[in-house]
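A.B. asks: See protein04.pdb below, with PDB, C-alpha atoms and all ligand atoms.
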ATOM      1  CA  MET A 248     -14.016   7.008  45.131  1.00  0.00           C
ATOM      2  CA  GLU A 249     -16.848   5.413  43.147  1.00  0.00           C
ATOM      3  CA  PRO A 250     -15.547   3.253  40.266  1.00  0.00           C
ATOM      4  CA  VAL A 251     -15.806   4.855  36.823  1.00  0.00           C
ATOM      5  CA  THR A 252     -15.958   3.526  33.269  1.00  0.00           C
ATOM      6  CA  LEU A 253     -13.757   4.968  30.510  1.00  0.00           C
ATOM      7  CA  ARG A 254     -13.896   4.574  26.733  1.00  0.00           C
ATOM      8  CA  THR A 255     -11.173   4.614  24.118  1.00  0.00           C
ATOM      9  CA  ALA A 256     -11.635   4.221  20.363  1.00  0.00           C
ATOM     10  CA  ARG A 257     -11.768   0.420  20.573  1.00  0.00           C
ATOM     11  CA  PHE A 258     -12.162  -0.432  24.258  1.00  0.00           C
ATOM     12  CA  VAL A 259     -14.144   0.015  27.427  1.00  0.00           C
ATOM     13  CA  LEU A 260     -12.145   0.338  30.655  1.00  0.00           C
ATOM     14  CA  SER A 261     -14.221  -0.696  33.657  1.00  0.00           C
ATOM     15  CA  PRO A 262     -13.383  -2.233  37.026  1.00  0.00           C
ATOM     16  CA  PRO A 263     -12.940  -6.028  37.122  1.00  0.00           C
ATOM     17  CA  ARG A 264     -16.084  -7.767  38.414  1.00  0.00           C
ATOM     18  CA  GLU A 265     -17.113 -11.210  39.655  1.00  0.00           C
ATOM     19  CA  ASP A 266     -17.554 -12.737  36.202  1.00  0.00           C
ATOM     20  CA  ASP A 267     -13.968 -11.736  35.310  1.00  0.00           C
ATOM     21  CA  ILE A 268     -12.441 -14.092  37.884  1.00  0.00           C
ATOM     22  CA  ASP A 269     -11.897 -16.931  35.409  1.00  0.00           C
ATOM     23  CA  ALA A 270     -10.296 -14.583  32.872  1.00  0.00           C
ATOM     24  CA  VAL A 271      -7.957 -13.130  35.514  1.00  0.00           C
ATOM     25  CA  PHE A 272      -7.033 -16.623  36.670  1.00  0.00           C
ATOM     26  CA  ALA A 273      -6.328 -17.789  33.097  1.00  0.00           C
ATOM     27  CA  ALA A 274      -4.293 -14.700  32.148  1.00  0.00           C
ATOM     28  CA  CYS A 275      -2.146 -14.914  35.271  1.00  0.00           C
ATOM     29  CA  GLN A 276      -0.933 -18.441  34.413  1.00  0.00           C
ATOM     30  CA  ASP A 277       1.261 -16.944  31.666  1.00  0.00           C
ATOM     31  CA  ALA A 278       5.003 -17.295  32.328  1.00  0.00           C
ATOM     32  CA  GLU A 279       5.869 -13.832  30.980  1.00  0.00           C
ATOM     33  CA  LEU A 280       3.217 -12.160  33.102  1.00  0.00           C
ATOM     34  CA  GLN A 281       4.495 -14.035  36.164  1.00  0.00           C
ATOM     35  CA  ARG A 282       8.092 -13.110  35.344  1.00  0.00           C
ATOM     36  CA  TYR A 283       7.454  -9.387  34.968  1.00  0.00           C
ATOM     37  CA  THR A 284       4.813  -8.696  37.628  1.00  0.00           C
ATOM     38  CA  THR A 285       4.387  -9.428  41.323  1.00  0.00           C
ATOM     39  CA  VAL A 286       1.348 -11.727  41.030  1.00  0.00           C
ATOM     40  CA  PRO A 287       1.591 -14.775  43.312  1.00  0.00           C
ATOM     41  CA  VAL A 288       3.254 -17.865  41.791  1.00  0.00           C
ATOM     42  CA  PRO A 289       1.661 -20.334  41.498  1.00  0.00           C
ATOM     43  CA  TYR A 290      -1.432 -18.207  40.792  1.00  0.00           C
ATOM     44  CA  SER A 291      -4.589 -19.823  42.143  1.00  0.00           C
ATOM     45  CA  ALA A 292      -8.320 -19.363  41.543  1.00  0.00           C
ATOM     46  CA  ASP A 293      -8.473 -17.973  45.099  1.00  0.00           C
ATOM     47  CA  ASP A 294      -5.876 -15.338  44.153  1.00  0.00           C
ATOM     48  CA  ALA A 295      -8.052 -14.244  41.237  1.00  0.00           C
ATOM     49  CA  ALA A 296     -11.179 -14.182  43.410  1.00  0.00           C
ATOM     50  CA  ALA A 297      -9.407 -12.129  46.104  1.00  0.00           C
ATOM     51  CA  PHE A 298      -8.059  -9.675  43.508  1.00  0.00           C
ATOM     52  CA  VAL A 299     -11.471  -9.089  41.936  1.00  0.00           C
ATOM     53  CA  GLY A 300     -13.655  -9.373  45.025  1.00  0.00           C
ATOM     54  CA  GLU A 301     -11.498  -7.773  47.702  1.00  0.00           C
ATOM     55  CA  PHE A 302      -8.429  -5.894  46.456  1.00  0.00           C
ATOM     56  CA  VAL A 303     -10.018  -4.022  43.536  1.00  0.00           C
ATOM     57  CA  PRO A 304     -13.139  -2.695  45.341  1.00  0.00           C
ATOM     58  CA  GLN A 305     -11.187  -1.842  48.486  1.00  0.00           C
ATOM     59  CA  ALA A 306      -8.503   0.023  46.519  1.00  0.00           C
ATOM     60  CA  TRP A 307     -11.171   1.993  44.613  1.00  0.00           C
ATOM     61  CA  ARG A 308     -12.891   2.864  47.913  1.00  0.00           C
ATOM     62  CA  ASP A 309      -9.786   4.089  49.710  1.00  0.00           C
ATOM     63  CA  GLY A 310      -8.301   5.740  46.612  1.00  0.00           C
ATOM     64  CA  THR A 311      -4.988   3.884  46.749  1.00  0.00           C
ATOM     65  CA  GLU A 312      -5.363   2.217  43.336  1.00  0.00           C
ATOM     66  CA  HIS A 313      -7.852   2.490  40.469  1.00  0.00           C
ATOM     67  CA  VAL A 314      -7.899  -0.805  38.557  1.00  0.00           C
ATOM     68  CA  PHE A 315      -9.632  -1.041  35.169  1.00  0.00           C
ATOM     69  CA  GLY A 316     -10.368  -4.144  33.136  1.00  0.00           C
ATOM     70  CA  ILE A 317      -9.893  -3.751  29.376  1.00  0.00           C
ATOM     71  CA  ARG A 318     -12.789  -5.035  27.223  1.00  0.00           C
ATOM     72  CA  ARG A 319     -14.156  -4.621  23.731  1.00  0.00           C
ATOM     73  CA  ASP A 320     -17.551  -3.639  25.136  1.00  0.00           C
ATOM     74  CA  VAL A 321     -19.242  -3.216  28.518  1.00  0.00           C
ATOM     75  CA  ASP A 322     -20.371  -6.840  28.662  1.00  0.00           C
ATOM     76  CA  ALA A 323     -17.355  -8.344  26.892  1.00  0.00           C
ATOM     77  CA  PRO A 324     -14.756 -10.537  28.599  1.00  0.00           C
ATOM     78  CA  LEU A 325     -11.773  -9.001  30.334  1.00  0.00           C
ATOM     79  CA  MET A 326      -8.630  -8.918  28.142  1.00  0.00           C
ATOM     80  CA  GLY A 327      -6.261  -7.375  30.645  1.00  0.00           C
ATOM     81  CA  VAL A 328      -5.872  -4.770  33.330  1.00  0.00           C
ATOM     82  CA  VAL A 329      -4.554  -1.224  33.471  1.00  0.00           C
ATOM     83  CA  SER A 330      -4.185   0.553  36.755  1.00  0.00           C
ATOM     84  CA  TRP A 331      -3.533   3.976  38.274  1.00  0.00           C
ATOM     85  CA  GLN A 332      -1.542   3.003  41.343  1.00  0.00           C
ATOM     86  CA  ARG A 333      -2.259   6.278  43.031  1.00  0.00           C
ATOM     87  CA  ALA A 334      -0.516   5.533  46.326  1.00  0.00           C
ATOM     88  CA  ARG A 335       2.679   4.709  44.403  1.00  0.00           C
ATOM     89  CA  GLY A 336       2.282   7.473  41.847  1.00  0.00           C
ATOM     90  CA  ALA A 337       2.655   4.877  39.086  1.00  0.00           C
ATOM     91  CA  VAL A 338       0.764   3.126  36.314  1.00  0.00           C
ATOM     92  CA  GLY A 339       0.765  -0.647  35.867  1.00  0.00           C
ATOM     93  CA  TYR A 340      -0.659  -3.073  33.323  1.00  0.00           C
ATOM     94  CA  TRP A 341      -0.892  -6.612  32.043  1.00  0.00           C
ATOM     95  CA  LEU A 342      -2.656  -8.231  29.104  1.00  0.00           C
ATOM     96  CA  ASP A 343      -3.729 -11.804  28.501  1.00  0.00           C
ATOM     97  CA  ALA A 344      -1.133 -13.313  26.143  1.00  0.00           C
ATOM     98  CA  GLN A 345      -3.668 -14.004  23.378  1.00  0.00           C
ATOM     99  CA  HIS A 346      -4.327 -10.262  22.942  1.00  0.00           C
ATOM    100  CA  ARG A 347      -0.746  -8.959  22.847  1.00  0.00           C
ATOM    101  CA  GLY A 348       1.012  -7.245  19.965  1.00  0.00           C
ATOM    102  CA  ARG A 349      -2.023  -5.421  18.545  1.00  0.00           C
ATOM    103  CA  GLY A 350      -1.675  -2.089  20.270  1.00  0.00           C
ATOM    104  CA  VAL A 351      -4.270  -2.917  22.906  1.00  0.00           C
ATOM    105  CA  MET A 352      -2.206  -1.784  25.854  1.00  0.00           C
ATOM    106  CA  THR A 353      -0.897   1.361  24.193  1.00  0.00           C
ATOM    107  CA  GLU A 354      -4.480   2.477  23.561  1.00  0.00           C
ATOM    108  CA  ALA A 355      -5.670   1.475  27.042  1.00  0.00           C
ATOM    109  CA  VAL A 356      -2.822   3.268  28.832  1.00  0.00           C
ATOM    110  CA  ARG A 357      -3.419   6.423  26.757  1.00  0.00           C
ATOM    111  CA  GLY A 358      -7.058   6.323  27.874  1.00  0.00           C
ATOM    112  CA  LEU A 359      -6.005   5.894  31.486  1.00  0.00           C
ATOM    113  CA  LEU A 360      -3.517   8.781  31.296  1.00  0.00           C
ATOM    114  CA  ASP A 361      -6.135  11.108  29.803  1.00  0.00           C
ATOM    115  CA  TRP A 362      -8.462  10.282  32.685  1.00  0.00           C
ATOM    116  CA  ILE A 363      -5.777  10.658  35.365  1.00  0.00           C
ATOM    117  CA  PHE A 364      -4.651  14.088  34.196  1.00  0.00           C
ATOM    118  CA  ALA A 365      -8.248  15.254  33.737  1.00  0.00           C
ATOM    119  CA  HIS A 366      -9.470  14.106  37.166  1.00  0.00           C
ATOM    120  CA  ASP A 367      -6.483  14.110  39.482  1.00  0.00           C
ATOM    121  CA  ASP A 368      -4.150  16.955  40.393  1.00  0.00           C
ATOM    122  CA  VAL A 369      -1.073  14.734  40.159  1.00  0.00           C
ATOM    123  CA  GLU A 370       1.863  16.458  38.415  1.00  0.00           C
ATOM    124  CA  LEU A 371       4.076  13.446  37.749  1.00  0.00           C
ATOM    125  CA  LEU A 372       3.418   9.797  36.901  1.00  0.00           C
ATOM    126  CA  ARG A 373       6.005   7.079  37.138  1.00  0.00           C
ATOM    127  CA  TRP A 374       6.381   3.897  35.128  1.00  0.00           C
ATOM    128  CA  GLU A 375       8.815   1.097  35.873  1.00  0.00           C
ATOM    129  CA  CYS A 376       9.434  -2.449  34.728  1.00  0.00           C
ATOM    130  CA  TYR A 377      11.922  -5.173  35.430  1.00  0.00           C
ATOM    131  CA  THR A 378      15.011  -4.991  33.192  1.00  0.00           C
ATOM    132  CA  GLY A 379      14.370  -6.725  29.884  1.00  0.00           C
ATOM    133  CA  ASN A 380      10.618  -6.149  29.679  1.00  0.00           C
ATOM    134  CA  VAL A 381      10.698  -4.716  26.162  1.00  0.00           C
ATOM    135  CA  GLY A 382       6.931  -4.976  25.686  1.00  0.00           C
ATOM    136  CA  SER A 383       6.183  -2.870  28.751  1.00  0.00           C
ATOM    137  CA  ALA A 384       8.882  -0.338  27.860  1.00  0.00           C
ATOM    138  CA  THR A 385       7.582  -0.021  24.302  1.00  0.00           C
ATOM    139  CA  VAL A 386       4.129   0.821  25.623  1.00  0.00           C
ATOM    140  CA  ALA A 387       5.577   3.377  28.075  1.00  0.00           C
ATOM    141  CA  GLN A 388       7.600   5.032  25.320  1.00  0.00           C
ATOM    142  CA  ARG A 389       4.642   5.169  22.934  1.00  0.00           C
ATOM    143  CA  VAL A 390       2.332   6.819  25.462  1.00  0.00           C
ATOM    144  CA  GLY A 391       4.856   9.564  26.163  1.00  0.00           C
ATOM    145  CA  PHE A 392       6.881   8.585  29.222  1.00  0.00           C
ATOM    146  CA  ARG A 393      10.392  10.032  29.370  1.00  0.00           C
ATOM    147  CA  TRP A 394      13.252   7.601  29.843  1.00  0.00           C
ATOM    148  CA  LYS A 395      14.832   8.072  33.287  1.00  0.00           C
ATOM    149  CA  GLY A 396      17.398   5.297  33.078  1.00  0.00           C
ATOM    150  CA  GLU A 397      17.981   2.148  35.043  1.00  0.00           C
ATOM    151  CA  GLY A 398      17.666   1.862  38.800  1.00  0.00           C
ATOM    152  CA  LEU A 399      15.951   0.129  41.667  1.00  0.00           C
ATOM    153  CA  CYS A 400      12.226  -0.312  41.158  1.00  0.00           C
ATOM    154  CA  SER A 401       9.940   0.996  43.901  1.00  0.00           C
ATOM    155  CA  VAL A 402       7.951  -2.234  43.753  1.00  0.00           C
ATOM    156  CA  VAL A 403       8.897  -5.085  46.091  1.00  0.00           C
ATOM    157  CA  ASP A 404       9.280  -8.433  44.329  1.00  0.00           C
ATOM    158  CA  ARG A 405       8.359 -11.932  45.557  1.00  0.00           C
ATOM    159  CA  GLU A 406      11.719 -12.230  47.349  1.00  0.00           C
ATOM    160  CA  GLY A 407      11.034  -9.001  49.253  1.00  0.00           C
ATOM    161  CA  ALA A 408      13.665  -7.028  47.321  1.00  0.00           C
ATOM    162  CA  HIS A 409      13.516  -3.983  45.063  1.00  0.00           C
ATOM    163  CA  PRO A 410      14.455  -5.403  41.647  1.00  0.00           C
ATOM    164  CA  TRP A 411      16.686  -3.625  39.125  1.00  0.00           C
ATOM    165  CA  GLY A 412      14.588  -2.089  36.409  1.00  0.00           C
ATOM    166  CA  TRP A 413      13.904   0.469  33.708  1.00  0.00           C
ATOM    167  CA  LEU A 414      12.337   3.711  34.873  1.00  0.00           C
ATOM    168  CA  GLY A 415      10.210   6.386  33.207  1.00  0.00           C
ATOM    169  CA  GLU A 416       8.344   9.562  34.095  1.00  0.00           C
ATOM    170  CA  LEU A 417       5.506  11.531  32.569  1.00  0.00           C
ATOM    171  CA  ARG A 418       4.833  15.110  33.658  1.00  0.00           C
ATOM    172  CA  ARG A 419       1.417  16.674  33.337  1.00  0.00           C
ATOM    173  CA  ASP A 420       2.822  19.391  31.042  1.00  0.00           C
ATOM    174  CA  ASP A 421       4.328  16.750  28.757  1.00  0.00           C
ATOM    175  CA  HIS A 422       1.190  14.633  28.403  1.00  0.00           C
ATOM    176  CA  GLY A 423      -0.027  14.570  24.827  1.00  0.00           C
ATOM    177  CA  THR A 424       2.714  16.853  23.523  1.00  0.00           C
ATOM    178  CA  VAL A 425       5.049  14.316  21.950  1.00  0.00           C
ATOM    179  CA  GLN A 426       4.179  11.158  20.035  1.00  0.00           C
ATOM    180  CA  LEU A 427       7.352   9.223  20.729  1.00  0.00           C
ATOM    181  CA  ARG A 428      10.152  10.399  22.956  1.00  0.00           C
ATOM    182  CA  SER A 429      13.492  10.138  21.212  1.00  0.00           C
ATOM    183  CA  GLU A 430      15.771   9.882  24.244  1.00  0.00           C
ATOM    184  CA  TRP A 431      14.879   6.228  24.843  1.00  0.00           C
ATOM    185  CA  PRO A 432      17.698   3.741  24.174  1.00  0.00           C
ATOM    186  CA  VAL A 433      17.174   0.768  21.871  1.00  0.00           C
ATOM    187  CA  LEU A 434      15.952  -1.798  24.397  1.00  0.00           C
ATOM    188  CA  ALA A 435      15.401  -4.935  22.319  1.00  0.00           C
TER     189      ALA A 435
HETATM  190  C1  LIG A 501       3.546  -5.387  28.263  1.00  0.00           C
HETATM  191  C2  LIG A 501       2.215  -5.756  27.646  1.00  0.00           C
HETATM  192  C3  LIG A 501       1.106  -5.227  28.518  1.00  0.00           C
HETATM  193  C4  LIG A 501       2.139  -5.115  26.267  1.00  0.00           C
HETATM  194  O1  LIG A 501       0.806  -5.271  25.759  1.00  0.00           O
HETATM  195  P1  LIG A 501       0.494  -5.168  24.179  1.00  0.00           P
HETATM  196  O2  LIG A 501      -0.952  -4.894  23.976  1.00  0.00           O
HETATM  197  O3  LIG A 501       1.107  -6.315  23.502  1.00  0.00           O
HETATM  198  O4  LIG A 501       1.263  -3.828  23.820  1.00  0.00           O
HETATM  199  P2  LIG A 501       1.143  -3.037  22.430  1.00  0.00           P
HETATM  200  O5  LIG A 501       0.749  -3.979  21.311  1.00  0.00           O
HETATM  201  O6  LIG A 501       0.278  -1.841  22.692  1.00  0.00           O
HETATM  202  O7  LIG A 501       2.639  -2.542  22.202  1.00  0.00           O
HETATM  203  C5  LIG A 501       3.700  -3.371  22.510  1.00  0.00           C
HETATM  204  C6  LIG A 501       4.739  -3.268  21.437  1.00  0.00           C
HETATM  205  O8  LIG A 501       5.907  -3.873  21.954  1.00  0.00           O
HETATM  206  C7  LIG A 501       6.218  -4.974  21.144  1.00  0.00           C
HETATM  207  N1  LIG A 501       6.711  -6.030  22.015  1.00  0.00           N
HETATM  208  C8  LIG A 501       6.027  -6.728  22.905  1.00  0.00           C
HETATM  209  N2  LIG A 501       6.837  -7.625  23.506  1.00  0.00           N
HETATM  210  C9  LIG A 501       8.049  -7.469  22.951  1.00  0.00           C
HETATM  211  C10 LIG A 501       9.303  -8.094  23.138  1.00  0.00           C
HETATM  212  N3  LIG A 501       9.470  -9.064  24.047  1.00  0.00           N
HETATM  213  N4  LIG A 501      10.342  -7.674  22.398  1.00  0.00           N
HETATM  214  C11 LIG A 501      10.179  -6.678  21.498  1.00  0.00           C
HETATM  215  N5  LIG A 501       9.022  -6.035  21.271  1.00  0.00           N
HETATM  216  C12 LIG A 501       7.972  -6.430  22.015  1.00  0.00           C
HETATM  217  C13 LIG A 501       4.944  -5.364  20.456  1.00  0.00           C
HETATM  218  O9  LIG A 501       5.199  -6.119  19.290  1.00  0.00           O
HETATM  219  C14 LIG A 501       4.362  -4.010  20.171  1.00  0.00           C
HETATM  220  O10 LIG A 501       5.023  -3.403  19.085  1.00  0.00           O
HETATM  221  P3  LIG A 501       4.393  -3.371  17.568  1.00  0.00           P
HETATM  222  O11 LIG A 501       3.088  -2.647  17.692  1.00  0.00           O
HETATM  223  O12 LIG A 501       5.413  -2.604  16.778  1.00  0.00           O
HETATM  224  O13 LIG A 501       4.239  -4.792  17.146  1.00  0.00           O
HETATM  225  C15 LIG A 501       2.068  -7.298  27.508  1.00  0.00           C
HETATM  226  O14 LIG A 501       3.145  -7.776  26.740  1.00  0.00           O
HETATM  227  C16 LIG A 501       2.029  -8.030  28.838  1.00  0.00           C
HETATM  228  O15 LIG A 501       0.985  -8.152  29.443  1.00  0.00           O
HETATM  229  N6  LIG A 501       3.184  -8.533  29.318  1.00  0.00           N
HETATM  230  C17 LIG A 501       3.230  -9.296  30.576  1.00  0.00           C
HETATM  231  C18 LIG A 501       2.895  -8.454  31.791  1.00  0.00           C
HETATM  232  C19 LIG A 501       3.809  -7.246  31.886  1.00  0.00           C
HETATM  233  O16 LIG A 501       4.980  -7.299  31.589  1.00  0.00           O
HETATM  234  N7  LIG A 501       3.238  -6.121  32.365  1.00  0.00           N
HETATM  235  C20 LIG A 501       3.989  -4.895  32.556  1.00  0.00           C
HETATM  236  C21 LIG A 501       4.707  -4.922  33.863  1.00  0.00           C
HETATM  237  S1  LIG A 501       5.703  -3.452  34.072  1.00  0.00           S
END
Would it be possible to restate this file's structure as structure tokens?
C.D. replies:
Amino acid sequence: MEPVTLRTARFVLSPPREDDIDAVFAACQDAELQRYTTVPVPYSADDAAAFVGEFVPQAWRDGTEHVFGIRRDVDAPLMGVVSWQRARGAVGYWLDAQHRGRGVMTEAVRGLLDWIFAHDDVELLRWECYTGNVGSATVAQRVGFRWKGEGLCSVVDREGAHPWGWLGELRRDDHGTVQLRSEWPVLA
């Protein structure tokens, strides 16, 4: 599939490009990002270059994953990434630490979900995070995912295992119908 560009009220979502490599490298040094995602540790400039230059375009081409950079405008620096991991049936995201806590990811994921349900015939999206990732879970709850409980994540961690995590689901029919699902436990 050809890469596409999406817009939300405040942001442009467009595929990471060559001049984002430094921003990806810098963001992926963050300890929390490394703790809660599967990025390589230590994270090198070559990792960032391979992500932007090889993984992202290849995944767009073969339709396995649609990765969007989050920016304030088309030419603005990359703040983070939100992704429709089509082959896994899941959404994923990370944000540079300096931009967290201002609703950026909630808005970006809503924009992604609108696009997915408008352009893909998928009926069910999954979200998962490692146990304890309250920030990720708060975003998932706010964009409408249902709480499915704890269990093994589908993702394989750096040790080659499926980590224990928090799981959520969003059905096409549910998308946009409820502001905040009440069945979620207090996670903090
Ligand atoms: C998860 C993440 C993307 C959230 O991005 P964000 O833009 O800060 O998210 P939002 O501001 O839209 O919403 C997050 C909410 O959770 C809250 N939150 C974030 N971290 C929290 C924590 N550790 N404990 C409690 N609340 C937390 C935020 O304060 C915010 O709530 P508020 O609006 O009431 O202040 C970001 O924290 C991140 O990149 N984390 C590291 C990578 C990661 O974990 N990715 C997800 C893997 S599953």
A.B. asks: Taking the file as I've supplied it (selection: the PyMOL selection byres (((chain A and resi 362-374) around 7) and not hetatm)), which residues are included? Please answer as a ChimeraX atom specification.
C.D. replies: /A:336-338,358-361,375,414-419
A.B. asks: Using only C-alpha atoms and all ligand atoms, which residues have at least one atom no more than 7 Å from ligand LIG 501 (chain A)? Output them as an mmCIF file with C-alpha atoms, keeping the file's coordinate frame.
C.D. replies:
data_model
loop_
_atom_site.group_PDB
_atom_site.id
_atom_site.type_symbol
_atom_site.label_atom_id
_atom_site.label_comp_id
_atom_site.auth_asym_id
_atom_site.auth_seq_id
_atom_site.Cartn_x
_atom_site.Cartn_y
_atom_site.Cartn_z
ATOM 1 C CA GLU A 279 5.869 -13.832 30.980
ATOM 2 C CA LEU A 280 3.217 -12.160 33.102
ATOM 3 C CA TYR A 283 7.454 -9.387 34.968
ATOM 4 C CA THR A 284 4.813 -8.696 37.628
ATOM 5 C CA GLY A 339 0.765 -0.647 35.867
ATOM 6 C CA TYR A 340 -0.659 -3.073 33.323
ATOM 7 C CA TRP A 341 -0.892 -6.612 32.043
ATOM 8 C CA LEU A 342 -2.656 -8.231 29.104
ATOM 9 C CA ASP A 343 -3.729 -11.804 28.501
ATOM 10 C CA ALA A 344 -1.133 -13.313 26.143
ATOM 11 C CA HIS A 346 -4.327 -10.262 22.942
ATOM 12 C CA ARG A 347 -0.746 -8.959 22.847
ATOM 13 C CA GLY A 348 1.012 -7.245 19.965
ATOM 14 C CA ARG A 349 -2.023 -5.421 18.545
ATOM 15 C CA GLY A 350 -1.675 -2.089 20.270
ATOM 16 C CA VAL A 351 -4.270 -2.917 22.906
ATOM 17 C CA MET A 352 -2.206 -1.784 25.854
ATOM 18 C CA THR A 353 -0.897 1.361 24.193
ATOM 19 C CA GLU A 354 -4.480 2.477 23.561
ATOM 20 C CA GLU A 375 8.815 1.097 35.873
ATOM 21 C CA CYS A 376 9.434 -2.449 34.728
ATOM 22 C CA TYR A 377 11.922 -5.173 35.430
ATOM 23 C CA ASN A 380 10.618 -6.149 29.679
ATOM 24 C CA VAL A 381 10.698 -4.716 26.162
ATOM 25 C CA GLY A 382 6.931 -4.976 25.686
ATOM 26 C CA SER A 383 6.183 -2.870 28.751
ATOM 27 C CA THR A 385 7.582 -0.021 24.302
ATOM 28 C CA VAL A 386 4.129 0.821 25.623
ATOM 29 C CA ALA A 435 15.401 -4.935 22.319
#
A.B. asks: I need the residue nearest A:Thr378 from this list: A:Leu434, A:Ala334, A:Ala355, A:Ala256. Use only C-alpha atoms for the distance.
C.D. replies: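 Looking only at the distances to A:Thr378, the closest residue turns out to be A:Leu434.
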A.B. asks: Kindly provide, as number ranges by chain, the polymer residues lying within 10 Å of (-5.5, -18.1, 40.6), counting all atoms listed in the file and using the coordinates exactly as they appear in the file.
C.D. replies: A: 268-276, 286-298
A.B. asks: With 3 Å of padding per side, what axis-aligned box (centre and edge lengths, Å, one decimal) covers all the listed atoms of stretch 316-323 of chain A? Give it as AutoDock Vina command-line options.
C.D. replies:
--center_x -15.1 --center_y -5.8 --center_z 28.4 --size_x 16.5 --size_y 11.1 --size_z 15.4
A.B. asks: Quick one, how far is atom CA of A:Gln305 from atom CA of A:Ala408?
C.D. replies: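 Between these atoms lies a distance of 25.4 Å.
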A.B. asks: Residues within 6 Å of (17.3, -1.1, 37.7), file coordinates, counting all atoms listed in the file: what are they? Give the list as a list in words.
C.D. replies: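 Those residues lying close to the given coordinates are Glu397, Gly398, Leu399, Trp411, Gly412 and Trp413 of chain A.
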A.B. asks: Determine the nearest neighbour of A:Thr255 from the options A:Gly300, A:Arg357, A:Gln332, A:Val321, counting all atoms listed in the file.
C.D. replies: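 Smallest separation from A:Thr255 among the options: A:Arg357.
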A.B. asks: Check the smallest atom-to-atom distance from each of A:Pro262, A:Pro432, A:Pro304, A:Gly391 to A:Val356 using all atoms listed in the file, then report the winner.
C.D. replies: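 Of A:Pro262, A:Pro432, A:Pro304, A:Gly391, the one nearest A:Val356 is A:Gly391, counting all atoms listed in the file.
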A.B. asks: Write out as a list in words each polymer residue whose atoms come within 10 Å of A:Val303, counting only C-alpha atoms; drop sequence neighbours fewer than 2 positions from it.
C.D. replies: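 Residues meeting the cut-off are Pro250, Pro262, Pro263, Arg264, Ala297, Phe298, Val299, Gly300, Glu301, Gln305, Ala306, Trp307, Arg308, Thr311, Glu312, His313, Val314 and Phe315 of chain A.
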A.B. asks: Quick one: pull the distance between atom CA of A:Val403 and atom CA of A:Val390, Å, one decimal.
C.D. replies: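 It comes out at 24.7 Å.
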A.B. asks: What does the structure give for the distance between atom CA of A:Arg393 and atom CA of A:Val433, in Å to one decimal?
C.D. replies: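 Between these atoms lies a distance of 13.7 Å.
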A.B. asks: Which residues are near A:Leu325? Cut-off 6 Å, all atoms listed in the file, ignore same chain within fewer than 4 positions. Put them as a PyMOL selection string.
C.D. replies: chain A and resi 316-318
A.B. asks: Would you mind putting back N, CA and C atoms on stretch 293-305 of chain A, then writing it out as a compact mmCIF listing (two decimals), in the frame of the given file?
C.D. replies:
# COMPACT_ATOMS: atom_id res chain seq x y z
N ASP A 293 -8.21 -18.82 43.93
CA ASP A 293 -8.47 -17.97 45.10
C ASP A 293 -7.78 -16.62 44.97
N ASP A 294 -6.57 -16.62 44.37
CA ASP A 294 -5.88 -15.34 44.15
C ASP A 294 -6.70 -14.43 43.24
N ALA A 295 -7.24 -15.03 42.17
CA ALA A 295 -8.05 -14.24 41.24
C ALA A 295 -9.32 -13.73 41.92
N ALA A 296 -9.95 -14.59 42.72
CA ALA A 296 -11.18 -14.18 43.41
C ALA A 296 -10.88 -13.07 44.42
N ALA A 297 -9.76 -13.16 45.12
CA ALA A 297 -9.41 -12.13 46.10
C ALA A 297 -9.07 -10.82 45.41
N PHE A 298 -8.39 -10.89 44.26
CA PHE A 298 -8.06 -9.68 43.51
C PHE A 298 -9.33 -8.95 43.08
N VAL A 299 -10.25 -9.70 42.47
CA VAL A 299 -11.47 -9.09 41.94
C VAL A 299 -12.45 -8.69 43.05
N GLY A 300 -12.61 -9.58 44.02
CA GLY A 300 -13.66 -9.37 45.02
C GLY A 300 -13.25 -8.54 46.22
N GLU A 301 -11.94 -8.49 46.50
CA GLU A 301 -11.50 -7.77 47.70
C GLU A 301 -10.55 -6.62 47.36
N PHE A 302 -9.42 -6.94 46.69
CA PHE A 302 -8.43 -5.89 46.46
C PHE A 302 -8.98 -4.74 45.62
N VAL A 303 -9.58 -5.08 44.46
CA VAL A 303 -10.02 -4.02 43.54
C VAL A 303 -11.05 -3.09 44.18
N PRO A 304 -12.16 -3.62 44.76
CA PRO A 304 -13.14 -2.70 45.34
C PRO A 304 -12.60 -1.90 46.52
N GLN A 305 -11.75 -2.56 47.34
CA GLN A 305 -11.19 -1.84 48.49
C GLN A 305 -10.27 -0.71 48.02
